[in-house]
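Shown next: query_32.cif, containing mmCIF, C-alpha atoms.
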```
data_work
loop_
_atom_site.group_PDB
_atom_site.id
_atom_site.type_symbol
_atom_site.label_atom_id
_atom_site.label_comp_id
_atom_site.auth_asym_id
_atom_site.auth_seq_id
_atom_site.Cartn_x
_atom_site.Cartn_y
_atom_site.Cartn_z
ATOM 1 C CA MET A 1204 -27.566 -12.670 23.672
ATOM 2 C CA ILE A 1205 -29.512 -9.733 22.274
ATOM 3 C CA PRO A 1206 -29.398 -8.633 18.609
ATOM 4 C CA PHE A 1207 -28.041 -5.119 18.059
ATOM 5 C CA ARG A 1208 -27.528 -2.810 15.104
ATOM 6 C CA VAL A 1209 -24.434 -0.693 15.628
ATOM 7 C CA SER A 1210 -23.672 2.106 13.186
ATOM 8 C CA VAL A 1211 -20.242 3.644 12.767
ATOM 9 C CA HIS A 1212 -18.958 6.725 10.968
ATOM 10 C CA ILE A 1213 -15.458 6.530 9.548
ATOM 11 C CA VAL A 1214 -13.948 9.745 8.194
ATOM 12 C CA PRO A 1215 -10.492 10.856 7.038
ATOM 13 C CA ARG A 1216 -8.337 11.966 9.976
ATOM 14 C CA LYS A 1217 -8.588 15.709 10.667
ATOM 15 C CA GLY A 1218 -5.766 17.652 9.112
ATOM 16 C CA LEU A 1219 -5.039 15.122 6.376
ATOM 17 C CA LEU A 1220 -5.618 16.220 2.791
ATOM 18 C CA ASP A 1221 -9.100 15.013 1.810
ATOM 19 C CA PRO A 1222 -9.280 15.593 -1.963
ATOM 20 C CA GLN A 1223 -12.642 13.845 -2.241
ATOM 21 C CA GLY A 1224 -14.201 16.102 0.390
ATOM 22 C CA LYS A 1225 -12.664 19.146 -1.257
ATOM 23 C CA ALA A 1226 -14.061 18.169 -4.676
ATOM 24 C CA VAL A 1227 -17.541 17.808 -3.162
ATOM 25 C CA ALA A 1228 -17.201 21.147 -1.344
ATOM 26 C CA ASP A 1229 -16.166 22.827 -4.606
ATOM 27 C CA ALA A 1230 -19.218 21.360 -6.372
ATOM 28 C CA LEU A 1231 -21.508 22.618 -3.593
ATOM 29 C CA HIS A 1232 -19.984 26.082 -3.923
ATOM 30 C CA THR A 1233 -20.660 25.952 -7.668
ATOM 31 C CA LEU A 1234 -24.289 25.096 -6.914
ATOM 32 C CA GLY A 1235 -24.549 28.222 -4.786
ATOM 33 C CA PHE A 1236 -24.091 26.723 -1.319
ATOM 34 C CA GLY A 1237 -21.478 29.332 -0.509
ATOM 35 C CA ALA A 1238 -21.870 28.815 3.236
ATOM 36 C CA VAL A 1239 -20.260 25.363 3.042
ATOM 37 C CA ARG A 1240 -16.897 25.576 4.765
ATOM 38 C CA ASP A 1241 -15.669 22.024 4.393
ATOM 39 C CA VAL A 1242 -16.854 18.513 3.495
ATOM 40 C CA HIS A 1243 -15.493 15.181 4.686
ATOM 41 C CA VAL A 1244 -16.353 12.058 2.736
ATOM 42 C CA GLY A 1245 -16.194 8.856 4.711
ATOM 43 C CA ARG A 1246 -18.037 5.584 5.190
ATOM 44 C CA HIS A 1247 -21.098 4.650 7.206
ATOM 45 C CA LEU A 1248 -21.241 1.033 8.307
ATOM 46 C CA VAL A 1249 -24.146 -0.758 9.953
ATOM 47 C CA ILE A 1250 -23.131 -3.883 11.819
ATOM 48 C CA GLU A 1251 -25.755 -6.388 12.862
ATOM 49 C CA THR A 1252 -24.433 -8.384 15.752
ATOM 50 C CA THR A 1253 -25.413 -9.945 19.056
ATOM 51 C CA ALA A 1254 -24.135 -9.036 22.499
ATOM 52 C CA ALA A 1255 -25.064 -9.331 26.154
ATOM 53 C CA ASP A 1256 -25.975 -5.627 26.283
ATOM 54 C CA ALA A 1257 -25.507 -2.335 24.445
ATOM 55 C CA VAL A 1258 -22.215 -1.588 26.181
ATOM 56 C CA ALA A 1259 -20.745 -4.905 25.063
ATOM 57 C CA ALA A 1260 -22.049 -4.389 21.509
ATOM 58 C CA GLU A 1261 -20.382 -0.989 21.303
ATOM 59 C CA ALA A 1262 -17.134 -2.298 22.773
ATOM 60 C CA ALA A 1263 -17.022 -5.099 20.203
ATOM 61 C CA VAL A 1264 -17.562 -2.687 17.311
ATOM 62 C CA ARG A 1265 -14.878 -0.366 18.669
ATOM 63 C CA GLU A 1266 -12.456 -3.257 18.550
ATOM 64 C CA MET A 1267 -13.575 -4.093 14.988
ATOM 65 C CA CYS A 1268 -12.839 -0.488 14.011
ATOM 66 C CA ALA A 1269 -9.419 -0.563 15.608
ATOM 67 C CA ARG A 1270 -8.472 -3.844 13.947
ATOM 68 C CA LEU A 1271 -10.081 -3.650 10.510
ATOM 69 C CA LEU A 1272 -12.801 -1.141 9.749
ATOM 70 C CA ALA A 1273 -10.727 2.039 10.167
ATOM 71 C CA ASN A 1274 -7.083 2.593 9.273
ATOM 72 C CA PRO A 1275 -5.387 3.949 12.409
ATOM 73 C CA VAL A 1276 -2.966 5.996 10.267
ATOM 74 C CA THR A 1277 -5.493 7.853 8.160
ATOM 75 C CA GLU A 1278 -8.984 7.570 9.610
ATOM 76 C CA ASP A 1279 -11.052 8.423 12.677
ATOM 77 C CA PHE A 1280 -14.174 6.569 13.672
ATOM 78 C CA ALA A 1281 -17.157 7.358 15.855
ATOM 79 C CA ILE A 1282 -19.968 5.101 17.006
ATOM 80 C CA ALA A 1283 -23.085 6.766 15.603
ATOM 81 C CA GLY A 1284 -25.660 4.599 17.304
ATOM 82 C CA VAL A 1285 -26.353 1.346 19.132
ATOM 83 C CA ALA A 1286 -29.904 0.057 18.855
ATOM 84 C CA ALA A 1287 -31.576 -3.209 19.761
ATOM 85 C CA ALA A 1288 -32.449 -4.829 16.449
ATOM 86 C CA MET B 251 16.388 -19.325 -6.137
ATOM 87 C CA LYS B 252 12.628 -19.697 -5.792
ATOM 88 C CA PHE B 253 10.250 -16.758 -5.998
ATOM 89 C CA GLY B 254 6.709 -16.919 -4.627
ATOM 90 C CA VAL B 255 4.062 -14.560 -5.958
ATOM 91 C CA VAL B 256 0.942 -14.330 -3.817
ATOM 92 C CA SER B 257 -2.299 -14.365 -5.802
ATOM 93 C CA PHE B 258 -5.204 -12.722 -4.043
ATOM 94 C CA PRO B 259 -8.652 -12.631 -5.613
ATOM 95 C CA GLY B 260 -8.341 -9.500 -7.744
ATOM 96 C CA SER B 261 -4.555 -9.562 -8.161
ATOM 97 C CA ASN B 262 -3.753 -8.750 -11.780
ATOM 98 C CA CYS B 263 0.021 -8.329 -11.893
ATOM 99 C CA ASP B 264 0.884 -11.772 -10.559
ATOM 100 C CA ASP B 265 1.735 -13.107 -14.030
ATOM 101 C CA ASP B 266 4.012 -10.118 -14.635
ATOM 102 C CA ALA B 267 5.771 -10.793 -11.337
ATOM 103 C CA VAL B 268 6.262 -14.458 -12.249
ATOM 104 C CA PHE B 269 7.591 -13.334 -15.648
ATOM 105 C CA ALA B 270 10.117 -11.060 -13.921
ATOM 106 C CA ALA B 271 11.464 -13.955 -11.876
ATOM 107 C CA THR B 272 11.455 -16.600 -14.607
ATOM 108 C CA GLU B 273 11.985 -14.909 -17.978
ATOM 109 C CA THR B 274 14.077 -11.978 -16.783
ATOM 110 C CA LEU B 275 16.086 -13.544 -13.985
ATOM 111 C CA GLY B 276 15.989 -17.172 -15.110
ATOM 112 C CA GLN B 277 14.871 -18.302 -11.657
ATOM 113 C CA SER B 278 11.965 -20.492 -10.651
ATOM 114 C CA ALA B 279 8.699 -18.989 -9.471
ATOM 115 C CA VAL B 280 5.360 -20.233 -8.217
ATOM 116 C CA LYS B 281 2.084 -18.539 -7.523
ATOM 117 C CA LEU B 282 0.909 -18.936 -3.967
ATOM 118 C CA TRP B 283 -2.847 -18.887 -3.513
ATOM 119 C CA HIS B 284 -3.953 -16.513 -0.765
ATOM 120 C CA LYS B 285 -5.673 -19.321 1.138
ATOM 121 C CA ALA B 286 -2.519 -21.426 1.295
ATOM 122 C CA HIS B 287 -0.747 -21.923 4.596
ATOM 123 C CA ASP B 288 2.813 -22.429 3.446
ATOM 124 C CA LEU B 289 5.268 -20.663 1.201
ATOM 125 C CA GLU B 290 6.420 -23.879 -0.546
ATOM 126 C CA GLY B 291 10.028 -23.167 0.335
ATOM 127 C CA CYS B 292 10.181 -19.857 -1.540
ATOM 128 C CA ASP B 293 13.194 -17.675 -0.806
ATOM 129 C CA VAL B 294 11.616 -14.424 -1.985
ATOM 130 C CA ILE B 295 8.001 -13.291 -1.685
ATOM 131 C CA MET B 296 6.290 -10.819 -3.978
ATOM 132 C CA LEU B 297 2.942 -9.177 -3.229
ATOM 133 C CA PRO B 298 1.747 -8.137 -6.683
ATOM 134 C CA GLY B 299 -0.399 -5.313 -7.966
ATOM 135 C CA GLY B 300 -4.115 -5.461 -8.625
ATOM 136 C CA PHE B 301 -7.304 -4.838 -6.731
ATOM 137 C CA SER B 302 -7.377 -7.534 -4.090
ATOM 138 C CA TYR B 303 -10.912 -8.108 -2.794
ATOM 139 C CA GLY B 304 -12.074 -5.308 -5.076
ATOM 140 C CA ASP B 305 -10.304 -2.822 -2.778
ATOM 141 C CA TYR B 306 -13.399 -3.128 -0.571
ATOM 142 C CA LEU B 307 -13.198 -1.128 2.656
ATOM 143 C CA ARG B 308 -9.700 0.189 1.804
ATOM 144 C CA ALA B 309 -7.057 -0.942 -0.653
ATOM 145 C CA GLY B 310 -5.270 -3.906 0.915
ATOM 146 C CA ALA B 311 -7.363 -3.920 4.092
ATOM 147 C CA ILE B 312 -8.962 -7.321 3.618
ATOM 148 C CA ALA B 313 -6.100 -9.053 1.812
ATOM 149 C CA ARG B 314 -3.931 -8.750 4.871
ATOM 150 C CA PHE B 315 -6.185 -11.220 6.674
ATOM 151 C CA SER B 316 -5.675 -13.897 4.015
ATOM 152 C CA PRO B 317 -4.193 -17.050 5.587
ATOM 153 C CA ILE B 318 -0.976 -16.770 3.549
ATOM 154 C CA MET B 319 -0.199 -13.347 5.051
ATOM 155 C CA ARG B 320 0.610 -14.958 8.388
ATOM 156 C CA GLU B 321 3.329 -16.962 6.623
ATOM 157 C CA VAL B 322 4.507 -13.890 4.710
ATOM 158 C CA ALA B 323 4.826 -11.968 7.986
ATOM 159 C CA ALA B 324 6.816 -14.830 9.521
ATOM 160 C CA HIS B 325 9.084 -14.932 6.445
ATOM 161 C CA ALA B 326 9.633 -11.168 6.770
ATOM 162 C CA GLU B 327 10.331 -11.556 10.489
ATOM 163 C CA ARG B 328 13.036 -14.141 9.671
ATOM 164 C CA GLY B 329 14.665 -11.592 7.359
ATOM 165 C CA GLY B 330 13.365 -13.110 4.125
ATOM 166 C CA PRO B 331 13.028 -10.675 1.224
ATOM 167 C CA VAL B 332 9.522 -9.378 0.509
ATOM 168 C CA ILE B 333 8.462 -6.782 -2.038
ATOM 169 C CA GLY B 334 5.038 -5.162 -2.252
ATOM 170 C CA ILE B 335 4.266 -3.563 -5.592
ATOM 171 C CA CYS B 336 1.324 -1.163 -5.949
ATOM 172 C CA ASN B 337 -1.595 -3.060 -4.362
ATOM 173 C CA GLY B 338 1.072 -5.251 -2.748
ATOM 174 C CA PHE B 339 2.549 -2.116 -1.140
ATOM 175 C CA GLN B 340 -0.905 -1.173 0.138
ATOM 176 C CA ILE B 341 -1.307 -4.688 1.575
ATOM 177 C CA ALA B 342 2.140 -4.581 3.207
ATOM 178 C CA CYS B 343 1.262 -1.256 4.874
ATOM 179 C CA GLU B 344 -2.123 -2.534 6.056
ATOM 180 C CA ALA B 345 -0.391 -5.632 7.419
ATOM 181 C CA GLY B 346 2.052 -3.496 9.388
ATOM 182 C CA LEU B 347 5.067 -4.870 7.495
ATOM 183 C CA LEU B 348 5.818 -1.303 6.411
ATOM 184 C CA PRO B 349 5.015 2.059 8.018
ATOM 185 C CA GLY B 350 2.320 4.373 6.643
ATOM 186 C CA ALA B 351 -0.745 4.104 4.443
ATOM 187 C CA LEU B 352 -1.750 4.858 0.866
ATOM 188 C CA MET B 353 -4.654 7.235 0.315
ATOM 189 C CA ARG B 354 -6.645 8.490 -2.667
ATOM 190 C CA ASN B 355 -4.459 10.388 -5.146
ATOM 191 C CA ALA B 356 -4.537 14.112 -4.404
ATOM 192 C CA GLY B 357 -5.903 14.849 -7.885
ATOM 193 C CA LEU B 358 -8.581 12.144 -7.435
ATOM 194 C CA GLN B 359 -7.746 10.639 -10.829
ATOM 195 C CA PHE B 360 -6.449 7.160 -11.495
ATOM 196 C CA LEU B 361 -2.930 7.682 -12.851
ATOM 197 C CA SER B 362 -1.455 5.383 -15.485
ATOM 198 C CA MET B 363 1.808 6.837 -16.744
ATOM 199 C CA PRO B 364 5.581 6.485 -16.578
ATOM 200 C CA VAL B 365 7.284 8.219 -13.635
ATOM 201 C CA THR B 366 10.861 8.765 -12.585
ATOM 202 C CA ILE B 367 11.898 7.703 -9.107
ATOM 203 C CA ARG B 368 15.192 8.314 -7.331
ATOM 204 C CA VAL B 369 16.874 5.630 -5.271
ATOM 205 C CA GLU B 370 17.388 7.018 -1.758
ATOM 206 C CA GLN B 371 18.652 3.824 -0.130
ATOM 207 C CA ALA B 372 20.953 1.244 -1.666
ATOM 208 C CA GLY B 373 21.060 -0.663 1.612
ATOM 209 C CA THR B 374 17.980 -2.807 1.019
ATOM 210 C CA ARG B 375 17.767 -6.322 -0.427
ATOM 211 C CA TRP B 376 15.878 -4.839 -3.372
ATOM 212 C CA THR B 377 18.261 -1.976 -4.204
ATOM 213 C CA SER B 378 21.641 -3.508 -3.373
ATOM 214 C CA LEU B 379 22.868 -3.082 -6.964
ATOM 215 C CA CYS B 380 21.593 0.501 -7.215
ATOM 216 C CA ARG B 381 23.558 3.619 -6.609
ATOM 217 C CA GLU B 382 21.996 6.180 -4.277
ATOM 218 C CA GLY B 383 20.703 9.056 -6.383
ATOM 219 C CA GLN B 384 20.165 6.772 -9.371
ATOM 220 C CA CYS B 385 16.989 7.597 -11.297
ATOM 221 C CA LEU B 386 14.720 4.849 -12.603
ATOM 222 C CA THR B 387 11.789 5.166 -14.981
ATOM 223 C CA MET B 388 8.858 2.819 -14.603
ATOM 224 C CA PRO B 389 5.083 2.978 -14.878
ATOM 225 C CA ILE B 390 2.544 3.690 -12.201
ATOM 226 C CA ALA B 391 -1.101 2.622 -12.408
ATOM 227 C CA HIS B 392 -3.038 3.488 -9.282
ATOM 228 C CA GLY B 393 -5.867 5.504 -7.818
ATOM 229 C CA GLU B 394 -4.710 5.275 -4.209
ATOM 230 C CA GLY B 395 -1.014 5.916 -4.069
ATOM 231 C CA ARG B 396 -0.666 9.012 -1.919
ATOM 232 C CA TYR B 397 1.766 7.937 0.775
ATOM 233 C CA THR B 398 0.751 9.195 4.217
ATOM 234 C CA VAL B 399 2.067 8.794 7.742
ATOM 235 C CA ASP B 400 1.475 10.677 10.958
ATOM 236 C CA ALA B 401 3.993 13.386 11.835
ATOM 237 C CA ALA B 402 5.849 11.347 14.469
ATOM 238 C CA THR B 403 6.226 8.347 12.161
ATOM 239 C CA LEU B 404 7.312 10.571 9.276
ATOM 240 C CA GLU B 405 10.118 11.875 11.457
ATOM 241 C CA ARG B 406 11.206 8.290 12.122
ATOM 242 C CA VAL B 407 10.786 7.219 8.477
ATOM 243 C CA GLU B 408 12.930 10.118 7.263
ATOM 244 C CA GLY B 409 15.321 10.020 10.216
ATOM 245 C CA GLU B 410 16.062 6.309 9.927
ATOM 246 C CA GLY B 411 16.371 6.452 6.139
ATOM 247 C CA LEU B 412 13.363 4.246 5.519
ATOM 248 C CA VAL B 413 12.466 6.126 2.334
ATOM 249 C CA VAL B 414 13.762 4.021 -0.565
ATOM 250 C CA PHE B 415 12.307 5.869 -3.562
ATOM 251 C CA ARG B 416 11.038 9.391 -4.249
ATOM 252 C CA TYR B 417 9.172 10.791 -7.238
ATOM 253 C CA VAL B 418 11.508 13.159 -9.066
ATOM 254 C CA ASP B 419 11.617 15.139 -12.287
ATOM 255 C CA ALA B 420 13.870 14.422 -15.270
ATOM 256 C CA THR B 421 16.791 16.118 -13.536
ATOM 257 C CA GLY B 422 16.421 14.059 -10.357
ATOM 258 C CA GLU B 423 14.844 16.799 -8.248
ATOM 259 C CA ALA B 424 11.954 15.933 -5.926
ATOM 260 C CA THR B 425 9.672 18.716 -7.131
ATOM 261 C CA GLU B 426 5.998 19.250 -6.447
ATOM 262 C CA ALA B 427 5.188 18.726 -10.131
ATOM 263 C CA ALA B 428 6.934 15.336 -10.089
ATOM 264 C CA ASN B 429 4.921 14.272 -7.057
ATOM 265 C CA VAL B 430 2.055 13.076 -9.230
ATOM 266 C CA ASN B 431 -0.180 11.615 -6.505
ATOM 267 C CA GLY B 432 0.550 14.121 -3.731
ATOM 268 C CA SER B 433 2.563 11.771 -1.494
ATOM 269 C CA LEU B 434 4.179 13.175 1.646
ATOM 270 C CA ASP B 435 7.771 14.203 0.872
ATOM 271 C CA ASN B 436 7.442 12.711 -2.669
ATOM 272 C CA ILE B 437 7.657 9.229 -1.124
ATOM 273 C CA ALA B 438 7.200 6.492 -3.741
ATOM 274 C CA GLY B 439 8.555 3.565 -1.727
ATOM 275 C CA VAL B 440 9.709 2.646 1.771
ATOM 276 C CA ARG B 441 11.467 -0.199 3.564
ATOM 277 C CA ASN B 442 11.255 -1.778 6.984
ATOM 278 C CA THR B 443 14.039 -1.202 9.500
ATOM 279 C CA ALA B 444 15.866 -4.410 8.564
ATOM 280 C CA GLY B 445 15.711 -3.582 4.846
ATOM 281 C CA ASN B 446 14.353 -6.950 3.721
ATOM 282 C CA VAL B 447 10.815 -5.645 3.096
ATOM 283 C CA VAL B 448 10.337 -2.934 0.483
ATOM 284 C CA GLY B 449 7.122 -1.517 -0.934
ATOM 285 C CA LEU B 450 6.592 0.889 -3.804
ATOM 286 C CA MET B 451 3.742 2.173 -5.937
ATOM 287 C CA PRO B 452 5.565 2.101 -9.321
ATOM 288 C CA HIS B 453 5.756 -1.214 -11.194
ATOM 289 C CA PRO B 454 9.321 -2.532 -11.688
ATOM 290 C CA GLU B 455 7.871 -5.768 -13.117
ATOM 291 C CA ARG B 456 6.386 -3.742 -15.990
ATOM 292 C CA ALA B 457 9.758 -2.189 -16.807
ATOM 293 C CA LEU B 458 11.890 -5.164 -17.784
ATOM 294 C CA ASP B 459 12.480 -4.605 -21.473
ATOM 295 C CA PRO B 460 13.332 -1.492 -23.529
ATOM 296 C CA LEU B 461 10.699 -2.657 -25.992
ATOM 297 C CA LEU B 462 8.082 -1.847 -23.354
ATOM 298 C CA GLY B 463 9.486 1.598 -22.649
ATOM 299 C CA SER B 464 12.007 0.905 -19.900
ATOM 300 C CA ALA B 465 14.176 -1.842 -18.494
ATOM 301 C CA ASP B 466 14.908 0.099 -15.295
ATOM 302 C CA GLY B 467 12.861 -2.293 -13.168
ATOM 303 C CA ARG B 468 15.318 -5.147 -13.693
ATOM 304 C CA VAL B 469 17.807 -3.804 -11.181
ATOM 305 C CA LEU B 470 15.405 -4.423 -8.287
ATOM 306 C CA PHE B 471 15.081 -8.100 -9.160
ATOM 307 C CA GLU B 472 18.787 -8.450 -9.926
ATOM 308 C CA SER B 473 19.474 -6.811 -6.552
ATOM 309 C CA VAL B 474 17.448 -9.323 -4.580
ATOM 310 C CA LEU B 475 19.084 -12.170 -6.461
ATOM 311 C CA ALA B 476 22.529 -10.808 -5.616
ATOM 312 C CA ALA B 477 21.535 -10.100 -2.010
ATOM 313 C CA VAL B 478 20.202 -13.609 -1.392
ATOM 314 C CA HIS B 479 23.239 -15.250 -2.974
ATOM 315 C CA ALA B 480 25.617 -12.992 -1.047
#
```

Translate the structure of the given file into structure tokens.
Amino acid sequence: MIPFRVSVHIVPRKGLLDPQGKAVADALHTLGFGAVRDVHVGRHLVIETTAADAVAAEAAVREMCARLLANPVTEDFAIAGVAAA
Amino acid sequence: MKFGVVSFPGSNCDDDAVFAATETLGQSAVKLWHKAHDLEGCDVIMLPGGFSYGDYLRAGAIARFSPIMREVAAHAERGGPVIGICNGFQIACEAGLLPGALMRNAGLQFLSMPVTIRVEQAGTRWTSLCREGQCLTMPIAHGEGRYTVDAATLERVEGEGLVVFRYVDATGEATEAANVNGSLDNIAGVRNTAGNVVGLMPHPERALDPLLGSADGRVLFESVLAAVHA
């Protein structure tokens, strides 16, 4: 088995009210970043694991997201990177 | 009748829940540690408020994998009464015992205040002594209480009458101003299809005595007692 570092982005589902993102966007506007259209605040997780290959490592993390790391009702997740550790 | 209150690491309303069962109802109650594997013959299970596992990841997300939750799910499956209060509601949703999820309050602030909720369903084990339309005052204390479901599930939740409580104003109207945390359709509490599992964000176990501001929470516990004896 090969060690991998898999990183995942988890963000509020598109279309759901994201008050945290809106508060950050408002603050950026106040600072003069008027071009900011929207902000989404989520989580970034780095999972150190072992797998036979990168495909298997990603598949395992996808299952972890579906079962625990992301809430299927309110959140979307995306694998941000799979790297040999 | 024997009540079981599940204590997770970070639960902080478990003593209040035990008090509701023992001092208010005169029944017996035990705390069930989250690592336990049996319900010690309890007839009714309560998932109390608090911050189980520090609300790490998401409120309730990790608590649902506690060993005792497998037994709680089996109890619910058999038709046994279960109530999830505040963090317990979040856990019940994460565990799939109830539809939906609880997100950060729309105003981002932690809200600790009395609210008025309207009973929408008297057909559950926990509202059997209520009258539909009855208004109850009890406290809330949460940062993540905004009830959310996807559009298709919302249609089912509303269509099948799974909404048990809504936030309302003093006149019983479900207004936007009364919807303090921004929940979909002012939803404060829901039930499962069978009506034995109910979850709500407000705290009935903190509204048992007029001395503490309200005794409106008693009817939920009296309801389950009546329903189990029926």

Exercise for the section: Kindly provide, as a ChimeraX atom specification, the residues of chain A having any atom no farther than 7 Å from an atom of chain B, counting only C-alpha atoms. Expected result: /A:1222-1223,1271,1276

Mind dumping the selected residues with C-alpha atoms as an mmCIF file, in the frame of the given file?
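Result saved to out_23.cif:
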```cif
data_model
loop_
_atom_site.group_PDB
_atom_site.id
_atom_site.type_symbol
_atom_site.label_atom_id
_atom_site.label_comp_id
_atom_site.auth_asym_id
_atom_site.auth_seq_id
_atom_site.Cartn_x
_atom_site.Cartn_y
_atom_site.Cartn_z
ATOM 1 C CA PRO A 1222 -9.280 15.593 -1.963
ATOM 2 C CA GLN A 1223 -12.642 13.845 -2.241
ATOM 3 C CA LEU A 1271 -10.081 -3.650 10.510
ATOM 4 C CA VAL A 1276 -2.966 5.996 10.267
#
```

Problem - Residue with smallest distance to Leu379 in chain B - pool B:Val256, B:Val474, B:Ala270, B:Ile437, counting only C-alpha atoms - result: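 Looking only at the distances to Leu379 in chain B, the closest residue turns out to be B:Val474.
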
Return as lines of an AutoDock Vina configuration file the centre and edge lengths, in Å with one decimal, of the box along x, y and z that encloses every atom of range 335-349 of chain B in the file, padded by 8 Å per side.
```
center_x = 1.8
center_y = -1.8
center_z = 1.7
size_x = 23.9
size_y = 23.7
size_z = 31.3
```

Practice task
Would you kindly return, as a list in words, each protein, DNA or RNA residue with an atom no farther than 9 Å from any atom of Arg1246 in chain A, considering all atoms listed in the file and excluding same-chain residues fewer than 3 positions away?
Solution key: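 These residues fall inside the cut-off: Val1211, His1212, Ile1213 and Val1214 of chain A; Leu307 of chain B.
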
Any chance you can output those residues with C-alpha atoms as a PDB file, in the frame of the given file?
```pdb
ATOM      1  CA  VAL A1211     -20.242   3.644  12.767  1.00  0.00           C
ATOM      2  CA  HIS A1212     -18.958   6.725  10.968  1.00  0.00           C
ATOM      3  CA  ILE A1213     -15.458   6.530   9.548  1.00  0.00           C
ATOM      4  CA  VAL A1214     -13.948   9.745   8.194  1.00  0.00           C
TER       5      VAL A1214
ATOM      6  CA  LEU B 307     -13.198  -1.128   2.656  1.00  0.00           C
TER       7      LEU B 307
END
```

Practice task
Could you check which of B:Ala345, B:Asp293, B:His325, B:Val440 is closest to Pro1275 in chain A, using only C-alpha atoms?
Solution key: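 Of B:Ala345, B:Asp293, B:His325, B:Val440, the one nearest Pro1275 in chain A is B:Ala345, counting only C-alpha atoms.
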
Problem - Top pick for closest residue to Val1227 in chain A, considering A:Phe1207, A:Pro1215, A:Asp1241, A:Ala1254 and counting all atoms listed in the file - result: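 Checking each of A:Phe1207, A:Pro1215, A:Asp1241, A:Ala1254 against Val1227 in chain A, counting all atoms listed in the file, the winner is A:Asp1241.
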
Problem - Protein/DNA/RNA residues near (-27.4, -11.3, 16.5), cut 6 Å, all atoms listed in the file, as a list in words - result: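 Taken together, the residues in range are Pro1206, Thr1252 and Thr1253 of chain A.
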
Exercise for the section: Just say which residues the PyMOL selection byres ((chain A and resi 1255) around 7) picks in this file, as a ChimeraX atom specification. Expected result: /A:1204-1205,1254,1256,1259

Handout entry: Contact residues around Ile1282 in chain A with only C-alpha atoms at 10 Å, ignoring same-chain residues under 4 positions, as a list in words
Key =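 Here the qualifying residues turn out to be Val1209, Ser1210, Val1211, His1212, Ile1213, His1247, Leu1248, Glu1261, Ala1262, Val1264, Arg1265 and Cys1268 of chain A.
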
Practice task
Measure the distance from CA of Gly291 in chain B to CA of Leu412 in chain B in Å and round it to one decimal.
Solution key: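 Atom-to-atom, CA of Gly291 in chain B and CA of Leu412 in chain B are spaced 28.1 Å apart.
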
Name the residues in contact with Ala444 in chain B at a cut-off of 10 Å, using all atoms listed in the file, excluding same-chain residues fewer than 4 positions from it; report them as an mmCIF file with C-alpha atoms, in the coordinates of the input.
```cif
data_model
loop_
_atom_site.group_PDB
_atom_site.id
_atom_site.type_symbol
_atom_site.label_atom_id
_atom_site.label_comp_id
_atom_site.auth_asym_id
_atom_site.auth_seq_id
_atom_site.Cartn_x
_atom_site.Cartn_y
_atom_site.Cartn_z
ATOM 1 C CA ALA B 326 9.633 -11.168 6.770
ATOM 2 C CA GLU B 327 10.331 -11.556 10.489
ATOM 3 C CA GLY B 329 14.665 -11.592 7.359
ATOM 4 C CA GLY B 373 21.060 -0.663 1.612
ATOM 5 C CA THR B 374 17.980 -2.807 1.019
ATOM 6 C CA ARG B 375 17.767 -6.322 -0.427
ATOM 7 C CA LEU B 412 13.363 4.246 5.519
ATOM 8 C CA VAL B 448 10.337 -2.934 0.483
#
```

Practice task
Give the answer as one residue: which of B:Val280, B:Val294, B:Ala480, B:Ala401 has the shortest atom-to-atom distance to Arg328 in chain B, using all atoms listed in the file?
Solution key: B:Val294

Exercise for the section: Quick one: pull the distance between CA of Thr1233 in chain A and CA of Gly393 in chain B, Å, one decimal. Expected result: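 Pair CA of Thr1233 in chain A / CA of Gly393 in chain B returns 25.2 Å.
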
Fill in the blank from the handout: The distance between CA of Asn436 in chain B and CA of Val1242 in chain A is 25.7 Å

Exercise for the section: Using the chain letters and numbers from the file, give me the residues hit by the PyMOL selection byres ((chain B and resi 365) around 12), as a ChimeraX atom specification. Expected result: /B:361-364,366-368,385-391,415-420,422,424,427-431,436,438,451-454,457,463-464,466-467

Handout entry: Explicit residues for the PyMOL selection byres ((chain B and resi 276) around 12) (as a list in words)
Key = Met251, Lys252, Phe253, Val268, Phe269, Ala270, Ala271, Thr272, Glu273, Thr274, Leu275, Gln277, Ser278, Ala279, Phe471, Glu472 and Leu475 of chain B

Practice task
Compute the distance from (3.9, -19.5, 5.6) to each atom, counting all atoms listed in the file, keep the residues with any atom at most 10 Å away, and return them as number ranges by chain; use the coordinates of the file.
Solution key: B: 286-292, 317-325

Next, dump the selected residues to file, keeping only C-alpha atoms, as a compact mmCIF listing (two decimals), in the coordinates of the input.
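Result file follows (selection_23.txt):
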```txt
# COMPACT_ATOMS: atom_id res chain seq x y z
CA ALA B 286 -2.52 -21.43 1.30
CA HIS B 287 -0.75 -21.92 4.60
CA ASP B 288 2.81 -22.43 3.45
CA LEU B 289 5.27 -20.66 1.20
CA GLU B 290 6.42 -23.88 -0.55
CA GLY B 291 10.03 -23.17 0.34
CA CYS B 292 10.18 -19.86 -1.54
CA PRO B 317 -4.19 -17.05 5.59
CA ILE B 318 -0.98 -16.77 3.55
CA MET B 319 -0.20 -13.35 5.05
CA ARG B 320 0.61 -14.96 8.39
CA GLU B 321 3.33 -16.96 6.62
CA VAL B 322 4.51 -13.89 4.71
CA ALA B 323 4.83 -11.97 7.99
CA ALA B 324 6.82 -14.83 9.52
CA HIS B 325 9.08 -14.93 6.44
```
